[in-house]
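Heads up, upload26.csv below (CSV, N, CA and C atoms):
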chain,number,residue,atom,x,y,z
A,192,MET,N,20.7,15.3,11.1
A,192,MET,CA,21.4,14.2,10.4
A,192,MET,C,22.6,13.9,11.2
A,193,THR,N,22.9,12.6,11.3
A,193,THR,CA,24.1,12.2,12.0
A,193,THR,C,25.3,12.3,11.2
A,194,GLY,N,26.5,12.3,11.9
A,194,GLY,CA,27.7,12.4,11.2
A,194,GLY,C,28.0,11.3,10.2
A,195,THR,N,27.6,10.1,10.5
A,195,THR,CA,27.7,9.0,9.6
A,195,THR,C,26.9,9.2,8.3
A,196,GLN,N,25.7,9.6,8.5
A,196,GLN,CA,24.9,9.9,7.3
A,196,GLN,C,25.5,11.0,6.4
A,197,THR,N,25.9,12.0,7.1
A,197,THR,CA,26.5,13.1,6.3
A,197,THR,C,27.8,12.6,5.5
A,198,LEU,N,28.6,11.8,6.2
A,198,LEU,CA,29.8,11.3,5.6
A,198,LEU,C,29.4,10.4,4.4
A,199,LYS,N,28.4,9.6,4.6
A,199,LYS,CA,28.0,8.7,3.5
A,199,LYS,C,27.5,9.5,2.3
A,200,ILE,N,26.7,10.5,2.5
A,200,ILE,CA,26.2,11.3,1.4
A,200,ILE,C,27.4,12.0,0.7
A,201,TYR,N,28.3,12.5,1.5
A,201,TYR,CA,29.5,13.2,1.0
A,201,TYR,C,30.3,12.3,0.1
A,202,GLU,N,30.5,11.0,0.5
A,202,GLU,CA,31.3,10.1,-0.3
A,202,GLU,C,30.5,9.8,-1.6
A,203,ILE,N,29.2,9.6,-1.5
A,203,ILE,CA,28.5,9.3,-2.8
A,203,ILE,C,28.6,10.5,-3.7
A,204,LEU,N,28.4,11.7,-3.2
A,204,LEU,CA,28.4,12.9,-4.1
A,204,LEU,C,29.9,13.2,-4.6
A,205,HIS,N,30.9,12.9,-3.7
A,205,HIS,CA,32.2,13.1,-4.2
A,205,HIS,C,32.6,12.2,-5.4
A,206,ARG,N,32.0,10.9,-5.4
A,206,ARG,CA,32.2,10.0,-6.5
A,206,ARG,C,31.5,10.6,-7.7
A,207,HIS,N,30.4,11.2,-7.5
A,207,HIS,CA,29.6,11.7,-8.7
A,207,HIS,C,30.2,13.0,-9.2
A,208,PHE,N,30.5,13.9,-8.4
A,208,PHE,CA,31.1,15.2,-8.8
A,208,PHE,C,32.6,15.2,-9.1
A,209,LYS,N,33.3,14.3,-8.4
A,209,LYS,CA,34.8,14.2,-8.5
A,209,LYS,C,35.4,15.5,-8.1
A,210,ASN,N,34.7,16.2,-7.2
A,210,ASN,CA,35.1,17.5,-6.8
A,210,ASN,C,34.7,17.7,-5.3
A,211,ASP,N,35.7,18.0,-4.4
A,211,ASP,CA,35.4,18.2,-3.0
A,211,ASP,C,34.4,19.3,-2.7
A,212,ALA,N,34.7,20.4,-3.4
A,212,ALA,CA,33.9,21.7,-3.1
A,212,ALA,C,32.4,21.5,-3.4
A,213,ASP,N,32.1,20.9,-4.6
A,213,ASP,CA,30.7,20.7,-5.0
A,213,ASP,C,30.0,19.7,-4.1
A,214,ALA,N,30.7,18.6,-3.7
A,214,ALA,CA,30.1,17.6,-2.8
A,214,ALA,C,29.8,18.3,-1.5
A,215,LYS,N,30.7,19.1,-1.0
A,215,LYS,CA,30.5,19.7,0.3
A,215,LYS,C,29.3,20.7,0.3
A,216,VAL,N,29.2,21.4,-0.8
A,216,VAL,CA,28.1,22.4,-0.9
A,216,VAL,C,26.7,21.6,-1.0
A,217,VAL,N,26.7,20.5,-1.7
A,217,VAL,CA,25.4,19.8,-1.8
A,217,VAL,C,25.1,19.2,-0.5
A,218,VAL,N,26.1,18.6,0.2
A,218,VAL,CA,25.8,18.0,1.5
A,218,VAL,C,25.3,19.1,2.5
A,219,GLN,N,25.9,20.3,2.5
A,219,GLN,CA,25.5,21.4,3.4
A,219,GLN,C,24.0,21.8,3.0
A,220,GLU,N,23.7,21.9,1.8
A,220,GLU,CA,22.3,22.2,1.4
A,220,GLU,C,21.3,21.2,1.8
A,221,ILE,N,21.7,19.9,1.7
A,221,ILE,CA,20.8,18.8,2.2
A,221,ILE,C,20.6,19.0,3.7
A,222,GLU,N,21.7,19.2,4.4
A,222,GLU,CA,21.5,19.3,5.9
A,222,GLU,C,20.7,20.5,6.2
A,223,THR,N,20.8,21.6,5.5
A,223,THR,CA,20.0,22.8,5.7
A,223,THR,C,18.5,22.5,5.5
A,224,ILE,N,18.2,21.8,4.4
A,224,ILE,CA,16.9,21.5,4.1
A,224,ILE,C,16.3,20.6,5.2
A,225,ILE,N,17.0,19.6,5.6
A,225,ILE,CA,16.5,18.7,6.7
A,225,ILE,C,16.3,19.4,8.0
A,226,ASP,N,17.3,20.3,8.3
A,226,ASP,CA,17.1,21.1,9.6
A,226,ASP,C,15.9,22.0,9.5
A,227,ASN,N,15.6,22.6,8.4
A,227,ASN,CA,14.5,23.5,8.2
A,227,ASN,C,13.2,22.7,8.3
A,228,LYS,N,13.2,21.5,7.7
A,228,LYS,CA,12.0,20.6,7.8
A,228,LYS,C,11.7,20.2,9.2
A,229,PHE,N,12.8,19.8,9.9
A,229,PHE,CA,12.7,19.4,11.3
A,229,PHE,C,12.1,20.6,12.2
A,230,PHE,N,12.7,21.8,11.9
A,230,PHE,CA,12.3,23.0,12.7
A,230,PHE,C,10.8,23.3,12.4
A,231,ASP,N,10.3,23.1,11.2
A,231,ASP,CA,8.9,23.4,10.8
A,231,ASP,C,8.0,22.4,11.5
A,232,THR,N,8.4,21.1,11.5
A,232,THR,CA,7.5,20.1,12.1
A,232,THR,C,7.6,20.0,13.6
A,233,LYS,N,8.7,20.5,14.1
A,233,LYS,CA,8.9,20.5,15.6
A,233,LYS,C,7.8,21.2,16.3
A,234,ASN,N,7.3,22.3,15.7
A,234,ASN,CA,6.3,23.1,16.4
A,234,ASN,C,4.9,22.4,16.4
A,235,GLN,N,4.8,21.4,15.5
A,235,GLN,CA,3.5,20.7,15.4
A,235,GLN,C,3.4,19.5,16.3
A,236,LEU,N,4.5,19.1,16.9
A,236,LEU,CA,4.6,17.9,17.7
A,236,LEU,C,4.2,18.3,19.2
A,237,ALA,N,3.6,17.3,19.9
A,237,ALA,CA,3.2,17.6,21.3
A,237,ALA,C,4.4,17.4,22.2
A,238,THR,N,4.5,18.3,23.2
A,238,THR,CA,5.6,18.2,24.2
A,238,THR,C,5.1,17.4,25.4
A,239,LYS,N,5.9,17.1,26.3
A,239,LYS,CA,5.5,16.4,27.5
A,239,LYS,C,4.5,17.2,28.3
A,240,GLU,N,4.7,18.5,28.3
A,240,GLU,CA,3.8,19.4,29.0
A,240,GLU,C,2.4,19.4,28.3
A,241,ASP,N,2.3,19.3,27.0
A,241,ASP,CA,1.1,19.3,26.3
A,241,ASP,C,0.3,18.0,26.6
A,242,VAL,N,1.0,16.9,26.6
A,242,VAL,CA,0.4,15.6,26.9
A,242,VAL,C,-0.1,15.5,28.4
A,243,SER,N,0.7,16.1,29.3
A,243,SER,CA,0.4,16.1,30.7
A,243,SER,C,-0.9,17.0,30.9
A,244,SER,N,-1.0,18.1,30.2
A,244,SER,CA,-2.1,19.0,30.3
A,244,SER,C,-3.4,18.3,29.8
A,245,ILE,N,-3.2,17.6,28.7
A,245,ILE,CA,-4.4,16.9,28.1
A,245,ILE,C,-4.9,15.8,29.0
A,246,LYS,N,-3.9,15.0,29.7
A,246,LYS,CA,-4.3,14.0,30.6
A,246,LYS,C,-5.1,14.6,31.8
A,247,GLN,N,-4.6,15.8,32.3
A,247,GLN,CA,-5.3,16.4,33.4
A,247,GLN,C,-6.7,16.8,33.0
A,248,ASP,N,-6.9,17.3,31.8
A,248,ASP,CA,-8.2,17.7,31.3
A,248,ASP,C,-9.1,16.5,31.2
A,249,ILE,N,-8.6,15.4,30.7
A,249,ILE,CA,-9.4,14.2,30.5
A,249,ILE,C,-9.8,13.7,31.9
A,250,LEU,N,-8.9,13.7,32.9
A,250,LEU,CA,-9.3,13.3,34.3
A,250,LEU,C,-10.4,14.2,34.8
A,251,ARG,N,-10.3,15.5,34.6
A,251,ARG,CA,-11.3,16.4,35.1
A,251,ARG,C,-12.7,16.1,34.4
A,252,VAL,N,-12.7,15.8,33.2
A,252,VAL,CA,-13.9,15.4,32.5
A,252,VAL,C,-14.5,14.1,33.0
A,253,GLN,N,-13.6,13.2,33.3
A,253,GLN,CA,-14.0,11.9,33.8
A,253,GLN,C,-14.7,12.1,35.2
A,254,VAL,N,-14.1,12.9,36.0
A,254,VAL,CA,-14.6,13.2,37.4
A,254,VAL,C,-15.9,13.9,37.3
A,255,ASP,N,-16.1,14.8,36.3
A,255,ASP,CA,-17.3,15.5,36.1
A,255,ASP,C,-18.4,14.5,35.7
A,256,ILE,N,-18.1,13.6,34.8
A,256,ILE,CA,-19.1,12.7,34.3
A,256,ILE,C,-19.5,11.7,35.4
A,257,GLU,N,-18.5,11.3,36.3
A,257,GLU,CA,-18.9,10.4,37.4
A,257,GLU,C,-19.8,11.2,38.4
A,258,LYS,N,-19.5,12.4,38.6
A,258,LYS,CA,-20.4,13.2,39.5
A,258,LYS,C,-21.8,13.3,39.0
A,259,ARG,N,-21.9,13.6,37.7
A,259,ARG,CA,-23.2,13.8,37.1
A,259,ARG,C,-24.0,12.4,37.1
A,260,PHE,N,-23.3,11.3,36.8
A,260,PHE,CA,-23.9,10.0,36.8
A,260,PHE,C,-24.4,9.7,38.2
A,261,ASN,N,-23.6,9.9,39.2
A,261,ASN,CA,-24.0,9.6,40.6
A,261,ASN,C,-25.2,10.5,41.0
A,262,ASN,N,-25.2,11.7,40.5
A,262,ASN,CA,-26.4,12.6,40.8
A,262,ASN,C,-27.6,12.1,40.1
A,263,MET,N,-27.5,11.6,38.9
A,263,MET,CA,-28.6,11.0,38.2
A,263,MET,C,-29.1,9.8,38.9
A,264,ILE,N,-28.3,8.9,39.3
A,264,ILE,CA,-28.7,7.7,40.1
A,264,ILE,C,-29.5,8.1,41.3
A,265,ILE,N,-29.0,9.1,42.0
A,265,ILE,CA,-29.7,9.6,43.3
A,265,ILE,C,-31.1,10.1,42.9
A,266,TRP,N,-31.2,10.8,41.8
A,266,TRP,CA,-32.5,11.4,41.4
A,266,TRP,C,-33.5,10.2,41.0
A,267,ILE,N,-32.9,9.3,40.2
A,267,ILE,CA,-33.8,8.1,39.8
A,267,ILE,C,-34.3,7.3,41.0
A,268,VAL,N,-33.4,7.0,41.9
A,268,VAL,CA,-33.8,6.2,43.1
A,268,VAL,C,-34.8,7.0,43.9
A,269,SER,N,-34.5,8.3,44.2
A,269,SER,CA,-35.5,9.1,45.0
A,269,SER,C,-36.8,9.3,44.3
A,270,THR,N,-36.8,9.4,43.0
A,270,THR,CA,-38.1,9.6,42.3
A,270,THR,C,-38.9,8.2,42.3
A,271,GLY,N,-38.2,7.1,42.2
A,271,GLY,CA,-38.8,5.8,42.3
A,271,GLY,C,-39.4,5.6,43.7
A,272,LEU,N,-38.7,6.0,44.7
A,272,LEU,CA,-39.2,5.8,46.1
A,272,LEU,C,-40.5,6.7,46.3
A,273,ALA,N,-40.4,7.9,45.7
A,273,ALA,CA,-41.6,8.8,45.8
A,273,ALA,C,-42.8,8.2,45.1
A,274,VAL,N,-42.6,7.7,43.9
A,274,VAL,CA,-43.7,7.1,43.2
A,274,VAL,C,-44.3,5.9,43.9
A,275,VAL,N,-43.4,5.0,44.5
A,275,VAL,CA,-43.9,3.9,45.3
A,275,VAL,C,-44.7,4.4,46.5
A,276,GLY,N,-44.2,5.4,47.1
A,276,GLY,CA,-44.9,6.0,48.3
A,276,GLY,C,-46.3,6.6,47.9
A,277,LEU,N,-46.3,7.2,46.8
A,277,LEU,CA,-47.6,7.8,46.3
A,277,LEU,C,-48.6,6.6,46.0
A,278,ILE,N,-48.1,5.6,45.3
A,278,ILE,CA,-48.9,4.4,45.0
A,278,ILE,C,-49.5,3.8,46.3
A,279,LEU,N,-48.6,3.6,47.3
A,279,LEU,CA,-49.0,3.0,48.5
A,279,LEU,C,-50.1,3.9,49.2
A,280,ALA,N,-49.8,5.2,49.2
A,280,ALA,CA,-50.8,6.1,49.8
A,280,ALA,C,-52.1,6.1,49.1
A,281,PHE,N,-52.2,6.0,47.8
A,281,PHE,CA,-53.5,5.9,47.1
A,281,PHE,C,-54.2,4.5,47.4
A,282,LEU,N,-53.4,3.5,47.5
A,282,LEU,CA,-54.0,2.1,47.8
A,282,LEU,C,-54.6,2.1,49.2
A,283,LYS,N,-54.1,2.8,50.1
A,283,LYS,CA,-54.7,2.8,51.5
A,283,LYS,C,-56.1,3.4,51.5
A,284,PHE,N,-56.4,4.3,50.6
A,284,PHE,CA,-57.7,5.0,50.6
A,284,PHE,C,-58.7,4.1,50.0
Spell out the structure here as structure tokens.
Amino acid sequence: MTGTQTLKIYEILHRHFKNDADAKVVVQEIETIIDNKFFDTKNQLATKEDVSSIKQDILRVQVDIEKRFNNMIIWIVSTGLAVVGLILAFLKF
């Protein structure tokens, strides 16, 4: 929480409680709750390293897919040529 937000909450609570000590305690408790919530959710957020690692994994998968696709194209073309060769060989007889 920023200092401005803390001060604004303090001023609102000071008007309500008409007591400095109570307003300060409530503001401190609100800040503690917000800090705890932030700390709990911070562990669930992705860091720059996490995102970088995921990007590298995606690139590896893309390269693997491209290699497999190229391999498949080579097999299809070579099988087609073999079939055409066999057909031509049978037609000569």
- Enter the distance from CA of Leu272 in chain A to CA of Phe284 in chain A, in Å, rounded to one decimal.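 If I compute the distance from CA of Leu272 in chain A to CA of Phe284 in chain A, I get 19.1 Å.
Of note, atom N of Arg259 in chain A and atom C of Gln247 in chain A are spaced 16.2 Å apart.
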- Query: What is the atom C of Val217 in chain A to CA of Lys233 in chain A distance in Å?
  - Reply: 22.9 Å
- Query: Got a sec: who's within 8 Å of Glu222 in chain A, counting all atoms listed in the file, leaving out chain neighbours fewer than 5 positions off, as a list of chain:residue names?
  - Reply: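 The neighbour list is A:Met192, A:Thr197, A:Val216, A:Val217, A:Asn227, A:Lys228.
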